[in-house]
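Listing of structure-v7.pdb; format and content: PDB, C-alpha atoms and all ligand atoms.
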```pdb
MODEL        1
ATOM      1  CA  GLU A 298      -4.183  20.464 -11.893
ATOM      2  CA  GLU A 299      -7.087  18.024 -11.976
ATOM      3  CA  GLU A 300      -6.187  17.311 -15.616
ATOM      4  CA  ASN A 301      -2.577  16.534 -14.661
ATOM      5  CA  TYR A 302      -3.768  14.030 -12.088
ATOM      6  CA  ARG A 303      -5.851  12.335 -14.766
ATOM      7  CA  ALA A 304      -2.913  11.962 -17.142
ATOM      8  CA  GLU A 305      -1.132   9.746 -14.568
ATOM      9  CA  LEU A 306      -4.066   7.451 -13.916
ATOM     10  CA  SER A 307      -2.793   4.637 -16.105
ATOM     11  CA  GLU A 308       0.334   4.479 -13.906
ATOM     12  CA  PRO A 309       0.209   2.346 -10.746
ATOM     13  CA  ALA A 310      -0.481   4.026  -7.405
ATOM     14  CA  THR A 311       3.060   3.500  -6.115
ATOM     15  CA  SER A 312       4.632   5.913  -3.651
ATOM     16  CA  VAL A 313       8.091   7.499  -3.924
ATOM     17  CA  ASP A 314       9.425   4.887  -1.492
ATOM     18  CA  GLY A 315       7.834   2.029  -3.427
ATOM     19  CA  LEU A 316       4.631   1.251  -1.505
ATOM     20  CA  GLU A 317       1.986  -0.183  -3.806
ATOM     21  CA  ILE A 318      -1.486   0.944  -2.872
ATOM     22  CA  GLU A 319      -4.639  -0.531  -4.399
ATOM     23  CA  LEU A 320      -7.359   1.972  -5.182
ATOM     24  CA  LEU A 321     -10.928   0.804  -5.610
ATOM     25  CA  ALA A 322     -14.294   2.441  -6.057
ATOM     26  CA  ASN A 323     -17.367   2.739  -3.880
ATOM     27  CA  ILE A 324     -20.362   2.614  -6.185
ATOM     28  CA  GLU A 325     -24.094   2.890  -5.746
ATOM     29  CA  LEU A 326     -25.259   2.196  -9.303
ATOM     30  CA  ALA A 327     -24.014  -0.096 -12.051
ATOM     31  CA  THR A 328     -23.927   2.919 -14.377
ATOM     32  CA  GLU A 329     -21.133   4.483 -12.292
ATOM     33  CA  MET A 330     -18.686   1.744 -13.204
ATOM     34  CA  ASN A 331     -17.389   3.191 -16.463
ATOM     35  CA  GLY A 332     -16.555   6.513 -14.835
ATOM     36  CA  ALA A 333     -14.918   4.735 -11.913
ATOM     37  CA  ILE A 334     -12.678   2.729 -14.239
ATOM     38  CA  ALA A 335     -11.831   5.910 -16.169
ATOM     39  CA  ASN A 336     -10.772   7.417 -12.825
ATOM     40  CA  GLY A 337      -8.375   4.545 -12.212
ATOM     41  CA  ALA A 338     -10.448   2.216 -10.031
ATOM     42  CA  ARG A 339      -8.961  -1.279  -9.841
ATOM     43  CA  GLY A 340     -12.152  -2.951  -8.785
ATOM     44  CA  VAL A 341     -15.058  -2.241  -6.447
ATOM     45  CA  GLY A 342     -14.368  -2.119  -2.714
ATOM     46  CA  LEU A 343     -17.976  -1.350  -1.844
ATOM     47  CA  TYR A 344     -21.104  -1.735  -3.900
ATOM     48  CA  ARG A 345     -23.955  -0.272  -1.847
ATOM     49  CA  THR A 346     -26.897  -2.435  -2.907
ATOM     50  CA  GLU A 347     -29.379  -0.209  -1.054
ATOM     51  CA  PHE A 348     -29.724   1.756  -4.274
ATOM     52  CA  LEU A 349     -31.039  -1.277  -6.116
ATOM     53  CA  PHE A 350     -33.857  -1.315  -3.584
ATOM     54  CA  LEU A 351     -34.510   2.382  -4.049
ATOM     55  CA  ALA A 352     -34.722   1.941  -7.803
ATOM     56  CA  CYS A 353     -37.426  -0.717  -7.414
ATOM     57  CA  ASP A 354     -39.399   1.059  -4.692
ATOM     58  CA  PRO A 355     -42.217   0.478  -3.801
ATOM     59  CA  ALA A 356     -41.655  -3.084  -5.073
ATOM     60  CA  LEU A 357     -38.716  -5.249  -4.074
ATOM     61  CA  PRO A 358     -36.023  -6.220  -6.569
ATOM     62  CA  THR A 359     -36.524  -9.744  -7.903
ATOM     63  CA  GLU A 360     -33.776 -12.356  -7.798
ATOM     64  CA  GLU A 361     -33.262 -11.823 -11.527
ATOM     65  CA  THR A 362     -32.894  -8.044 -11.097
ATOM     66  CA  HIS A 363     -30.245  -8.623  -8.432
ATOM     67  CA  TYR A 364     -28.512 -11.256 -10.539
ATOM     68  CA  ASP A 365     -28.471  -9.208 -13.741
ATOM     69  CA  THR A 366     -27.129  -6.117 -11.965
ATOM     70  CA  TYR A 367     -24.336  -8.002 -10.196
ATOM     71  CA  CYS A 368     -23.295  -9.754 -13.418
ATOM     72  CA  GLN A 369     -23.326  -6.461 -15.294
ATOM     73  CA  ILE A 370     -20.943  -4.862 -12.786
ATOM     74  CA  ALA A 371     -18.655  -7.897 -12.488
ATOM     75  CA  LYS A 372     -18.383  -8.123 -16.258
ATOM     76  CA  GLN A 373     -17.331  -4.473 -16.585
ATOM     77  CA  VAL A 374     -14.730  -4.856 -13.866
ATOM     78  CA  GLY A 375     -13.033  -7.813 -15.567
ATOM     79  CA  ASP A 376     -10.411  -9.490 -13.373
ATOM     80  CA  ASP A 377     -10.498  -7.014 -10.502
ATOM     81  CA  ILE A 378     -12.605  -7.672  -7.416
ATOM     82  CA  VAL A 379     -16.215  -6.628  -6.959
ATOM     83  CA  THR A 380     -17.286  -6.414  -3.329
ATOM     84  CA  ILE A 381     -21.050  -6.684  -3.085
ATOM     85  CA  ARG A 382     -22.330  -5.490   0.259
ATOM     86  CA  THR A 383     -25.605  -7.035   1.323
ATOM     87  CA  LEU A 384     -28.478  -4.715   2.052
ATOM     88  CA  ASP A 385     -27.729  -2.036   4.647
ATOM     89  CA  LEU A 386     -31.049  -0.271   5.122
ATOM     90  CA  GLY A 387     -32.396   1.141   8.357
ATOM     91  CA  GLY A 388     -30.878   3.668  10.693
ATOM     92  CA  GLU A 389     -30.616   7.026   8.993
ATOM     93  CA  LYS A 390     -30.707   5.391   5.571
ATOM     94  CA  PHE A 391     -33.859   5.647   3.492
ATOM     95  CA  PHE A 392     -36.363   2.855   3.465
ATOM     96  CA  ASN A 393     -37.874   0.995   0.595
ATOM     97  CA  ARG A 394     -41.625   1.300   1.113
ATOM     98  CA  ALA A 395     -42.022  -2.452   0.810
ATOM     99  CA  PHE A 396     -40.638  -2.859   4.290
ATOM    100  CA  VAL A 397     -41.472   0.199   6.307
ATOM    101  CA  ARG A 398     -41.245  -0.746   9.942
ATOM    102  CA  GLU A 399     -42.480   0.748  13.157
ATOM    103  CA  LYS A 400     -40.728   3.953  14.081
ATOM    104  CA  GLU A 401     -37.749   3.345  16.314
ATOM    105  CA  VAL A 402     -36.650   5.735  19.082
ATOM    106  CA  ASN A 403     -33.001   5.187  18.224
ATOM    107  CA  PRO A 404     -32.931   3.921  14.641
ATOM    108  CA  VAL A 405     -29.170   4.186  14.189
ATOM    109  CA  MET A 406     -28.777   1.650  16.974
ATOM    110  CA  GLY A 407     -31.843  -0.285  15.954
ATOM    111  CA  VAL A 408     -32.796  -2.668  13.195
ATOM    112  CA  ARG A 409     -30.404  -1.870  10.362
ATOM    113  CA  GLY A 410     -27.899  -3.704   8.184
ATOM    114  CA  VAL A 411     -27.620  -7.405   8.808
ATOM    115  CA  ARG A 412     -30.071  -7.120  11.724
ATOM    116  CA  LEU A 413     -32.826  -6.092   9.340
ATOM    117  CA  CYS A 414     -31.834  -8.843   6.908
ATOM    118  CA  LEU A 415     -32.046 -11.484   9.624
ATOM    119  CA  ILE A 416     -35.574 -10.311  10.482
ATOM    120  CA  ARG A 417     -36.618 -10.108   6.829
ATOM    121  CA  LYS A 418     -35.045 -13.371   5.705
ATOM    122  CA  ASP A 419     -37.206 -13.375   2.578
ATOM    123  CA  ILE A 420     -35.400 -10.260   1.335
ATOM    124  CA  PHE A 421     -31.999 -11.521   2.477
ATOM    125  CA  ARG A 422     -32.526 -14.939   0.843
ATOM    126  CA  THR A 423     -33.403 -13.380  -2.529
ATOM    127  CA  GLN A 424     -30.289 -11.224  -2.484
ATOM    128  CA  LEU A 425     -27.942 -13.995  -1.319
ATOM    129  CA  ARG A 426     -29.240 -16.437  -3.937
ATOM    130  CA  ALA A 427     -28.544 -13.865  -6.640
ATOM    131  CA  ILE A 428     -25.036 -13.073  -5.378
ATOM    132  CA  LEU A 429     -24.146 -16.768  -5.043
ATOM    133  CA  ARG A 430     -25.368 -17.429  -8.584
ATOM    134  CA  ALA A 431     -23.520 -14.413  -9.996
ATOM    135  CA  ALA A 432     -20.338 -15.429  -8.132
ATOM    136  CA  LYS A 433     -20.450 -18.766  -9.959
ATOM    137  CA  GLU A 434     -20.329 -16.887 -13.277
ATOM    138  CA  TYR A 435     -17.885 -14.189 -12.181
ATOM    139  CA  LYS A 436     -15.111 -15.366  -9.877
ATOM    140  CA  ASN A 437     -14.156 -11.778  -9.007
ATOM    141  CA  ILE A 438     -17.297 -11.306  -6.888
ATOM    142  CA  ARG A 439     -16.972 -11.336  -3.108
ATOM    143  CA  ILE A 440     -19.670 -10.868  -0.462
ATOM    144  CA  MET A 441     -19.521  -8.364   2.382
ATOM    145  CA  PHE A 442     -21.870  -8.078   5.357
ATOM    146  CA  PRO A 443     -22.590  -4.719   7.034
ATOM    147  CA  LEU A 444     -22.919  -3.817  10.715
ATOM    148  CA  ILE A 445     -21.561  -7.083  12.112
ATOM    149  CA  SER A 446     -21.056  -6.552  15.849
ATOM    150  CA  GLY A 447     -19.000  -9.608  16.691
ATOM    151  CA  VAL A 448     -18.392 -13.312  16.207
ATOM    152  CA  ARG A 449     -21.846 -14.442  17.326
ATOM    153  CA  GLU A 450     -23.684 -12.232  14.824
ATOM    154  CA  TRP A 451     -21.201 -13.236  12.126
ATOM    155  CA  ARG A 452     -21.890 -16.937  12.764
ATOM    156  CA  VAL A 453     -25.664 -16.456  12.674
ATOM    157  CA  THR A 454     -25.266 -14.648   9.349
ATOM    158  CA  ARG A 455     -22.951 -17.290   7.928
ATOM    159  CA  ASP A 456     -25.308 -20.065   9.067
ATOM    160  CA  PHE A 457     -28.116 -18.384   7.143
ATOM    161  CA  LEU A 458     -25.900 -18.147   4.072
ATOM    162  CA  ASN A 459     -25.226 -21.882   4.418
ATOM    163  CA  GLU A 460     -28.977 -22.534   4.554
ATOM    164  CA  VAL A 461     -29.445 -20.558   1.342
ATOM    165  CA  MET A 462     -26.681 -22.615  -0.275
ATOM    166  CA  ASP A 463     -28.393 -25.837   0.811
ATOM    167  CA  GLU A 464     -31.602 -24.638  -0.823
ATOM    168  CA  LEU A 465     -29.850 -23.815  -4.104
ATOM    169  CA  ARG A 466     -28.121 -27.174  -4.038
ATOM    170  CA  ALA A 467     -31.405 -29.001  -3.441
ATOM    171  CA  GLU A 468     -32.947 -27.117  -6.360
ATOM    172  CA  GLY A 469     -30.051 -28.037  -8.631
ATOM    173  CA  ILE A 470     -29.253 -24.372  -9.367
ATOM    174  CA  PRO A 471     -25.563 -23.643 -10.073
ATOM    175  CA  PHE A 472     -23.933 -21.331  -7.509
ATOM    176  CA  GLU A 473     -20.507 -20.592  -6.048
ATOM    177  CA  GLU A 474     -19.807 -23.221  -3.366
ATOM    178  CA  ASN A 475     -16.812 -21.358  -1.989
ATOM    179  CA  PRO A 476     -17.584 -17.628  -2.003
ATOM    180  CA  THR A 477     -15.131 -15.105  -0.566
ATOM    181  CA  LEU A 478     -16.790 -13.717   2.565
ATOM    182  CA  GLY A 479     -15.947 -10.593   4.520
ATOM    183  CA  VAL A 480     -17.366  -8.125   6.993
ATOM    184  CA  MET A 481     -17.520  -4.403   7.424
ATOM    185  CA  ILE A 482     -15.711  -3.316  10.561
ATOM    186  CA  GLU A 483     -17.977  -0.444  11.544
ATOM    187  CA  VAL A 484     -19.230  -1.318  15.019
ATOM    188  CA  PRO A 485     -16.725  -0.710  17.840
ATOM    189  CA  SER A 486     -17.296  -4.144  19.381
ATOM    190  CA  ALA A 487     -16.355  -5.781  16.070
ATOM    191  CA  ALA A 488     -13.250  -3.607  15.894
ATOM    192  CA  MET A 489     -12.268  -4.696  19.409
ATOM    193  CA  VAL A 490     -12.521  -8.382  18.441
ATOM    194  CA  ALA A 491     -10.995  -7.976  14.981
ATOM    195  CA  ASP A 492      -8.422 -10.651  15.856
ATOM    196  CA  LEU A 493     -11.232 -13.154  16.541
ATOM    197  CA  LEU A 494     -13.223 -12.177  13.444
ATOM    198  CA  ALA A 495     -10.063 -12.471  11.349
ATOM    199  CA  GLU A 496     -10.060 -16.197  12.189
ATOM    200  CA  GLU A 497     -13.458 -16.612  10.509
ATOM    201  CA  VAL A 498     -13.638 -14.304   7.487
ATOM    202  CA  SER A 499     -11.508 -13.685   4.393
ATOM    203  CA  PHE A 500     -11.496  -9.906   4.455
ATOM    204  CA  PHE A 501     -12.352  -6.758   6.372
ATOM    205  CA  SER A 502     -13.447  -3.406   5.097
ATOM    206  CA  ILE A 503     -13.287  -0.656   7.675
ATOM    207  CA  GLY A 504     -16.389   1.540   7.512
ATOM    208  CA  THR A 505     -15.092   4.642   9.200
ATOM    209  CA  ASN A 506     -18.312   6.610   8.676
ATOM    210  CA  ASP A 507     -20.223   4.408  11.068
ATOM    211  CA  LEU A 508     -17.246   3.339  13.148
ATOM    212  CA  ILE A 509     -16.548   6.968  14.102
ATOM    213  CA  GLN A 510     -20.229   7.610  14.758
ATOM    214  CA  TYR A 511     -20.547   4.668  17.133
ATOM    215  CA  PHE A 512     -17.111   4.971  18.703
ATOM    216  CA  LEU A 513     -17.262   8.701  19.433
ATOM    217  CA  ALA A 514     -21.028   8.660  20.133
ATOM    218  CA  ILE A 515     -21.767  11.245  17.430
ATOM    219  CA  ASP A 516     -24.818  10.904  15.212
ATOM    220  CA  ARG A 517     -23.329  11.312  11.724
ATOM    221  CA  ALA A 518     -26.502  13.082  10.562
ATOM    222  CA  ASN A 519     -26.683  15.622  13.416
ATOM    223  CA  ASP A 520     -25.015  18.952  12.547
ATOM    224  CA  ASP A 521     -25.044  20.130  16.155
ATOM    225  CA  VAL A 522     -22.453  17.550  17.162
ATOM    226  CA  SER A 523     -20.524  17.318  13.908
ATOM    227  CA  TYR A 524     -17.680  19.425  15.353
ATOM    228  CA  LEU A 525     -16.815  16.387  17.500
ATOM    229  CA  TYR A 526     -16.605  14.089  14.470
ATOM    230  CA  ASP A 527     -12.837  13.764  14.302
ATOM    231  CA  PRO A 528     -11.158  10.878  12.460
ATOM    232  CA  LEU A 529      -7.896  11.908  14.147
ATOM    233  CA  HIS A 530      -9.239  11.536  17.691
ATOM    234  CA  PRO A 531      -6.342   9.654  19.336
ATOM    235  CA  GLY A 532      -8.719   7.027  20.696
ATOM    236  CA  PHE A 533     -10.049   6.400  17.225
ATOM    237  CA  VAL A 534      -6.587   6.213  15.678
ATOM    238  CA  ARG A 535      -5.671   3.583  18.269
ATOM    239  CA  LEU A 536      -8.771   1.606  17.364
ATOM    240  CA  LEU A 537      -8.000   1.797  13.633
ATOM    241  CA  SER A 538      -4.437   0.773  14.264
ATOM    242  CA  SER A 539      -5.492  -2.322  16.201
ATOM    243  CA  VAL A 540      -7.932  -3.436  13.476
ATOM    244  CA  ILE A 541      -5.357  -3.068  10.701
ATOM    245  CA  GLU A 542      -2.755  -4.836  12.813
ATOM    246  CA  ALA A 543      -5.119  -7.729  13.578
ATOM    247  CA  ALA A 544      -5.884  -8.221   9.882
ATOM    248  CA  ASN A 545      -2.261  -7.940   8.784
ATOM    249  CA  LYS A 546      -1.123 -10.305  11.523
ATOM    250  CA  LYS A 547      -3.621 -12.944  10.409
ATOM    251  CA  GLY A 548      -2.798 -12.186   6.770
ATOM    252  CA  ILE A 549      -6.354 -11.407   5.681
ATOM    253  CA  ASP A 550      -7.239  -8.680   3.221
ATOM    254  CA  VAL A 551      -8.147  -5.332   4.786
ATOM    255  CA  SER A 552      -9.302  -2.088   3.221
ATOM    256  CA  CYS A 553     -11.096   1.094   4.203
ATOM    257  CA  CYS A 554     -14.266   2.111   2.393
ATOM    258  CA  GLY A 555     -15.324   5.005   4.633
ATOM    259  CA  GLU A 556     -15.016   8.659   3.629
ATOM    260  CA  MET A 557     -11.670   8.840   5.410
ATOM    261  CA  ALA A 558     -10.016   7.038   2.503
ATOM    262  CA  SER A 559     -10.901   9.893   0.147
ATOM    263  CA  SER A 560      -9.127  12.635   2.102
ATOM    264  CA  PRO A 561      -5.399  12.978   1.310
ATOM    265  CA  LEU A 562      -4.428  13.545   4.941
ATOM    266  CA  TYR A 563      -6.517  10.700   6.323
ATOM    267  CA  ALA A 564      -5.458   8.383   3.503
ATOM    268  CA  CYS A 565      -1.842   9.054   4.529
ATOM    269  CA  LEU A 566      -2.731   8.150   8.092
ATOM    270  CA  LEU A 567      -4.366   4.883   6.999
ATOM    271  CA  ILE A 568      -1.294   3.972   4.954
ATOM    272  CA  LEU A 569       1.017   4.779   7.875
ATOM    273  CA  LEU A 570      -1.115   2.461   9.998
ATOM    274  CA  GLY A 571      -0.477  -0.369   7.533
ATOM    275  CA  LEU A 572      -3.391  -0.226   5.094
ATOM    276  CA  ARG A 573      -2.588  -0.924   1.439
ATOM    277  CA  LYS A 574      -6.078  -0.882  -0.037
ATOM    278  CA  LEU A 575      -8.430   2.103  -0.148
ATOM    279  CA  SER A 576     -11.914   2.306  -1.598
ATOM    280  CA  MET A 577     -13.673   5.601  -2.228
ATOM    281  CA  ASN A 578     -16.170   7.545  -4.293
ATOM    282  CA  PRO A 579     -14.873   7.549  -7.881
ATOM    283  CA  SER A 580     -14.452  11.325  -8.056
ATOM    284  CA  SER A 581     -11.804  11.241  -5.293
ATOM    285  CA  LEU A 582      -9.639   8.600  -6.969
ATOM    286  CA  PRO A 583      -7.468  10.956  -9.100
ATOM    287  CA  ILE A 584      -6.352  13.165  -6.208
ATOM    288  CA  ILE A 585      -5.596  10.230  -3.902
ATOM    289  CA  HIS A 586      -3.748   8.469  -6.711
ATOM    290  CA  HIS A 587      -1.661  11.595  -7.241
ATOM    291  CA  MET A 588      -1.010  12.056  -3.526
ATOM    292  CA  ILE A 589       0.336   8.497  -3.225
ATOM    293  CA  ARG A 590       2.660   8.965  -6.194
ATOM    294  CA  VAL A 591       4.279  12.094  -4.732
ATOM    295  CA  MET A 592       4.503  10.850  -1.118
ATOM    296  CA  ASP A 593       7.462   9.244   0.596
ATOM    297  CA  PHE A 594       5.817   7.265   3.367
ATOM    298  CA  LYS A 595       9.120   6.195   4.875
ATOM    299  CA  LYS A 596      10.057   9.825   5.423
ATOM    300  CA  LEU A 597       6.530  10.655   6.548
ATOM    301  CA  SER A 598       6.702   7.910   9.171
ATOM    302  CA  THR A 599       9.886   9.369  10.636
ATOM    303  CA  LEU A 600       8.125  12.729  10.991
ATOM    304  CA  ILE A 601       4.910  11.187  12.367
ATOM    305  CA  SER A 602       6.237   8.306  14.406
ATOM    306  CA  ASP A 603       3.067   7.813  16.463
ATOM    307  CA  PRO A 604      -0.131   9.097  14.818
ATOM    308  CA  ALA A 605      -2.060   8.435  18.037
ATOM    309  CA  GLY A 606       0.625   9.966  20.205
ATOM    310  CA  GLY A 607      -0.777  13.452  20.717
ATOM    311  CA  PRO A 608      -3.395  14.474  23.254
ATOM    312  CA  THR A 609      -5.911  15.670  20.622
ATOM    313  CA  GLY A 610      -6.759  15.173  16.978
ATOM    314  CA  ASP A 611      -5.755  18.775  16.287
ATOM    315  CA  HIS A 612      -2.274  18.003  17.550
ATOM    316  CA  THR A 613      -2.003  15.166  15.023
ATOM    317  CA  ARG A 614      -3.502  17.296  12.241
ATOM    318  CA  GLU A 615      -0.872  19.994  12.841
ATOM    319  CA  ALA A 616       1.878  17.375  12.794
ATOM    320  CA  PHE A 617       0.687  16.073   9.414
ATOM    321  CA  LEU A 618       0.420  19.547   7.891
ATOM    322  CA  LYS A 619       3.902  20.393   9.111
ATOM    323  CA  ALA A 620       5.265  17.137   7.672
ATOM    324  CA  PHE A 621       3.578  17.816   4.316
ATOM    325  CA  ARG A 622       5.139  21.292   4.153
ATOM    326  CA  GLN A 623       8.502  19.675   4.724
ATOM    327  CA  LEU A 624       8.067  16.822   2.233
ATOM    328  CA  LEU A 625       6.123  18.332  -0.645
TER     329      LEU A 625
HETATM  330  C1  LIG B 701     -19.168   3.355   6.490
HETATM  331  O1  LIG B 701     -19.970   3.238   7.415
HETATM  332  O2  LIG B 701     -18.044   3.870   6.606
HETATM  333  C2  LIG B 701     -19.532   2.878   5.139
HETATM  334  C3  LIG B 701     -18.649   2.856   4.159
HETATM  335  O3  LIG B 701     -20.813   2.485   4.923
HETATM  336  P1  LIG B 701     -22.022   3.504   4.715
HETATM  337  O4  LIG B 701     -21.459   4.878   4.553
HETATM  338  O5  LIG B 701     -22.749   2.996   3.525
HETATM  339  O6  LIG B 701     -22.780   3.318   5.995
HETATM  340 MG    MG B 702     -21.690   1.996   7.277
ENDMDL
END
```
Could you take the file, read its structure, and then write that structure out as structure tokens?
Ligand code: PEP
Ligand code: MG
Amino acid sequence: EEENYRAELSEPATSVDGLEIELLANIELATEMNGAIANGARGVGLYRTEFLFLACDPALPTEETHYDTYCQIAKQVGDDIVTIRTLDLGGEKFFNRAFVREKEVNPVMGVRGVRLCLIRKDIFRTQLRAILRAAKEYKNIRIMFPLISGVREWRVTRDFLNEVMDELRAEGIPFEENPTLGVMIEVPSAAMVADLLAEEVSFFSIGTNDLIQYFLAIDRANDDVSYLYDPLHPGFVRLLSSVIEAANKKGIDVSCCGEMASSPLYACLLILLGLRKLSMNPSSLPIIHHMIRVMDFKKLSTLISDPAGGPTGDHTREAFLKAFRQLL
């Protein structure tokens, strides 16, 4: 079966009823890009730059290391987009030994993502300079910021980016003056003000891994509570729906780069909610591509008219499975 899915990969990911879905890859290393393209990726929806820091541990990557890596990826991807996410260390994610910090009682809600970058501006500056320089060479590069909690934090981050641009300008170094900027929607407060954020950024990528963790109050690394980790929780589906609606209403680009996008059932849900762009680990691309090509989303939407309508996630899960038995 897997081989059959592969044979179709050169065909577009268009559903039976004509919906065109864009499939992109989440990557952690530049060396993954060839395999991702072979699996049908039309660009990079999430490049997790944490792994660049791991590779250089215990030193920090230099501006040239950043720059060379970003150019290498953008070159392989050609005309499709490459979404470079700025450093998202902290929380449950490993640390580079160059910036071990004091132990936090609640690291997942502590200094991680953009919060860490705004404390360690030296590290942030180096990375932003490299991305801005690479984006001048490769117009397909766009910049994404993790763990933004709302408009205030976004503006502080953007102001720092502007400072870095001023520095490059003063030094006479060529860089992209008009980079495409977006944010991860992975903190519930950001999701709740998605309409306001949509006024200030060019794209959203919904990080369901963290968004579920924070929204349902379930540590994503704690097995004892993992049974509560339900992407179909009606409250969560409502939240997702409002984020996608806010982005679509404003006309900004929106995608999902959390694990949800790589599950056929959840990918169907995201598409029903209005998402047209999914980014996932490269190995999941063939099955999702196949699922889209055999699905009639118009019919599915008549069978699942309100994906947040049931009292529990299990109710919704049953409804999807029943619909699939009917349609496939
Ligand atoms: C997410 O939180 O859904 C996400 C894609 O980011 P990460 O898994 O790297 O935290
Ligand atoms: Mg995340």
- prompt: Once the PyMOL selection byres (((not hetatm)) within 6 of (chain B and resi 701)) has been applied to the shown file, what residues remain in the selection, as a list of chain:residue names?
  reply: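 For this structure, the PyMOL selection byres (((not hetatm)) within 6 of (chain B and resi 701)) resolves to A:Glu483, A:Gly504, A:Thr505, A:Asn506, A:Asp507, A:Cys554, A:Gly555.
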For the residues selected in the previous step, produce a file with C-alpha atoms as a short mmCIF file (atom, residue, chain, number, x, y, z; two decimals), in the frame of the given file.
```cif
data_model
loop_
_atom_site.label_atom_id
_atom_site.label_comp_id
_atom_site.auth_asym_id
_atom_site.auth_seq_id
_atom_site.Cartn_x
_atom_site.Cartn_y
_atom_site.Cartn_z
CA GLU A 483 -17.98 -0.44 11.54
CA GLY A 504 -16.39 1.54 7.51
CA THR A 505 -15.09 4.64 9.20
CA ASN A 506 -18.31 6.61 8.68
CA ASP A 507 -20.22 4.41 11.07
CA CYS A 554 -14.27 2.11 2.39
CA GLY A 555 -15.32 5.00 4.63
#
```
- prompt: Which of these residues is nearest to His587 of chain A, using only C-alpha atoms: A:Ala431, A:Leu600, A:Ala488, A:Ala564?
  reply: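 Of A:Ala431, A:Leu600, A:Ala488, A:Ala564, the one nearest His587 of chain A is A:Ala564, counting only C-alpha atoms.
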query: What do you get, as a PyMOL selection string, if you spell out every residue that the PyMOL selection byres (((chain A and resi 557) around 12) and not hetatm) selects here?
result: chain A and resi 503-509+526-529+534+537+552-556+558-568+575-578+581+585
- request: Return as a ChimeraX atom specification the set of residues that the PyMOL selection byres (((chain A and resi 376) around 9) and not hetatm) yields on the displayed structure.
  value: /A:340,371-372,374-375,377-378,435-437
task: Work out how far apart atom CA of Ser502 of chain A and atom CA of Arg339 of chain A are and give it in Å to one decimal.
output: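 Pair atom CA of Ser502 of chain A / atom CA of Arg339 of chain A returns 15.7 Å.
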query: What lies within 10 Å of Glu473 of chain A using all atoms listed in the file, ignoring chain neighbours under 5 positions off, as a ChimeraX atom specification?
result: /A:426,428-436,438,462
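If you count all atoms listed in the file and ignore residues fewer than 6 places along the chain from Met330 of chain A, what sits within 8 Å of it is A:Ile324, A:Ile370, A:Gln373, A:Val374.
In this structure, atom CA of Thr599 of chain A sits 20.5 Å away from atom CA of His530 of chain A.
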task: Show which residues sit within 10 Å of Ile589 of chain A, as a ChimeraX atom specification. Count all atoms listed in the file, and ignore same-chain residues fewer than 2 positions away.
output: /A:309-318,561,564-565,568,584-587,591-594
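Take the candidates A:Thr477, A:Pro583, A:Ser523, A:Arg517 and check each one against Glu308 of chain A using only C-alpha atoms; the shortest distance goes to A:Pro583.
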- request: Could you tell me which of A:Ala495, A:Met406, A:Leu618, A:Leu582 comes closest to Ala333 of chain A if we count all atoms listed in the file?
  value: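 Selected residue with least distance to Ala333 of chain A: A:Leu582.
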message: Between A:Glu542, A:Glu468, A:Asp492, A:Asp611, which residue has the minimum interatomic distance to Leu525 of chain A, considering only C-alpha atoms?
response: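 Closest candidate: A:Asp611.
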- line: The residue from A:Tyr524, A:Trp451, A:Phe350, A:Tyr511 with the smallest atom-to-atom distance to ligand MG 702 (chain B), counting only C-alpha atoms and all ligand atoms, is A:Tyr511
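Of the residues listed (A:Gly447, A:Ala335, A:Arg422, A:Val405), A:Val405 shows the shortest atom-to-atom separation from Ile515 of chain A; distances use only C-alpha atoms.
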- prompt: What's the 7 Å shell around segment 411-420 of chain A, counting only C-alpha atoms, without same-chain residues fewer than 2 positions away, as a ChimeraX atom specification?
  reply: /A:385,408-409,422-424,442-445
message: So the first atom is atom CA of Gly532 of chain A and the second is atom CA of Thr613 of chain A; what is the distance between them in Å, to one decimal place?
response: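 Separation of atom CA of Gly532 of chain A and atom CA of Thr613 of chain A: 12.0 Å.
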- prompt: Counting all atoms listed in the file, which residues come within 12 Å of (-3.4, 7.8, 24.0), with the point read in the file's coordinates, and could you list them as a ChimeraX atom specification?
  reply: /A:529-536,603-610,613
Could N, CA and C atoms be built for segment 606-612 of chain A and written out as a short mmCIF file (atom, residue, chain, number, x, y, z; two decimals), in the coordinates of the input?
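Wrote selection-v9.cif, looks like this:
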```cif
data_model
loop_
_atom_site.label_atom_id
_atom_site.label_comp_id
_atom_site.auth_asym_id
_atom_site.auth_seq_id
_atom_site.Cartn_x
_atom_site.Cartn_y
_atom_site.Cartn_z
N GLY A 606 -0.19 9.56 19.06
CA GLY A 606 0.62 9.97 20.20
C GLY A 606 0.20 11.26 20.88
N GLY A 607 -0.44 12.15 20.14
CA GLY A 607 -0.78 13.45 20.72
C GLY A 607 -1.99 13.39 21.61
N PRO A 608 -2.24 14.45 22.36
CA PRO A 608 -3.40 14.47 23.25
C PRO A 608 -4.72 14.71 22.52
N THR A 609 -4.67 15.36 21.36
CA THR A 609 -5.91 15.67 20.62
C THR A 609 -5.71 15.40 19.14
N GLY A 610 -6.83 15.33 18.42
CA GLY A 610 -6.76 15.17 16.98
C GLY A 610 -6.11 16.37 16.31
N ASP A 611 -6.35 17.56 16.87
CA ASP A 611 -5.76 18.77 16.29
C ASP A 611 -4.23 18.72 16.34
N HIS A 612 -3.72 18.18 17.40
CA HIS A 612 -2.27 18.00 17.55
C HIS A 612 -1.73 17.16 16.38
#
```
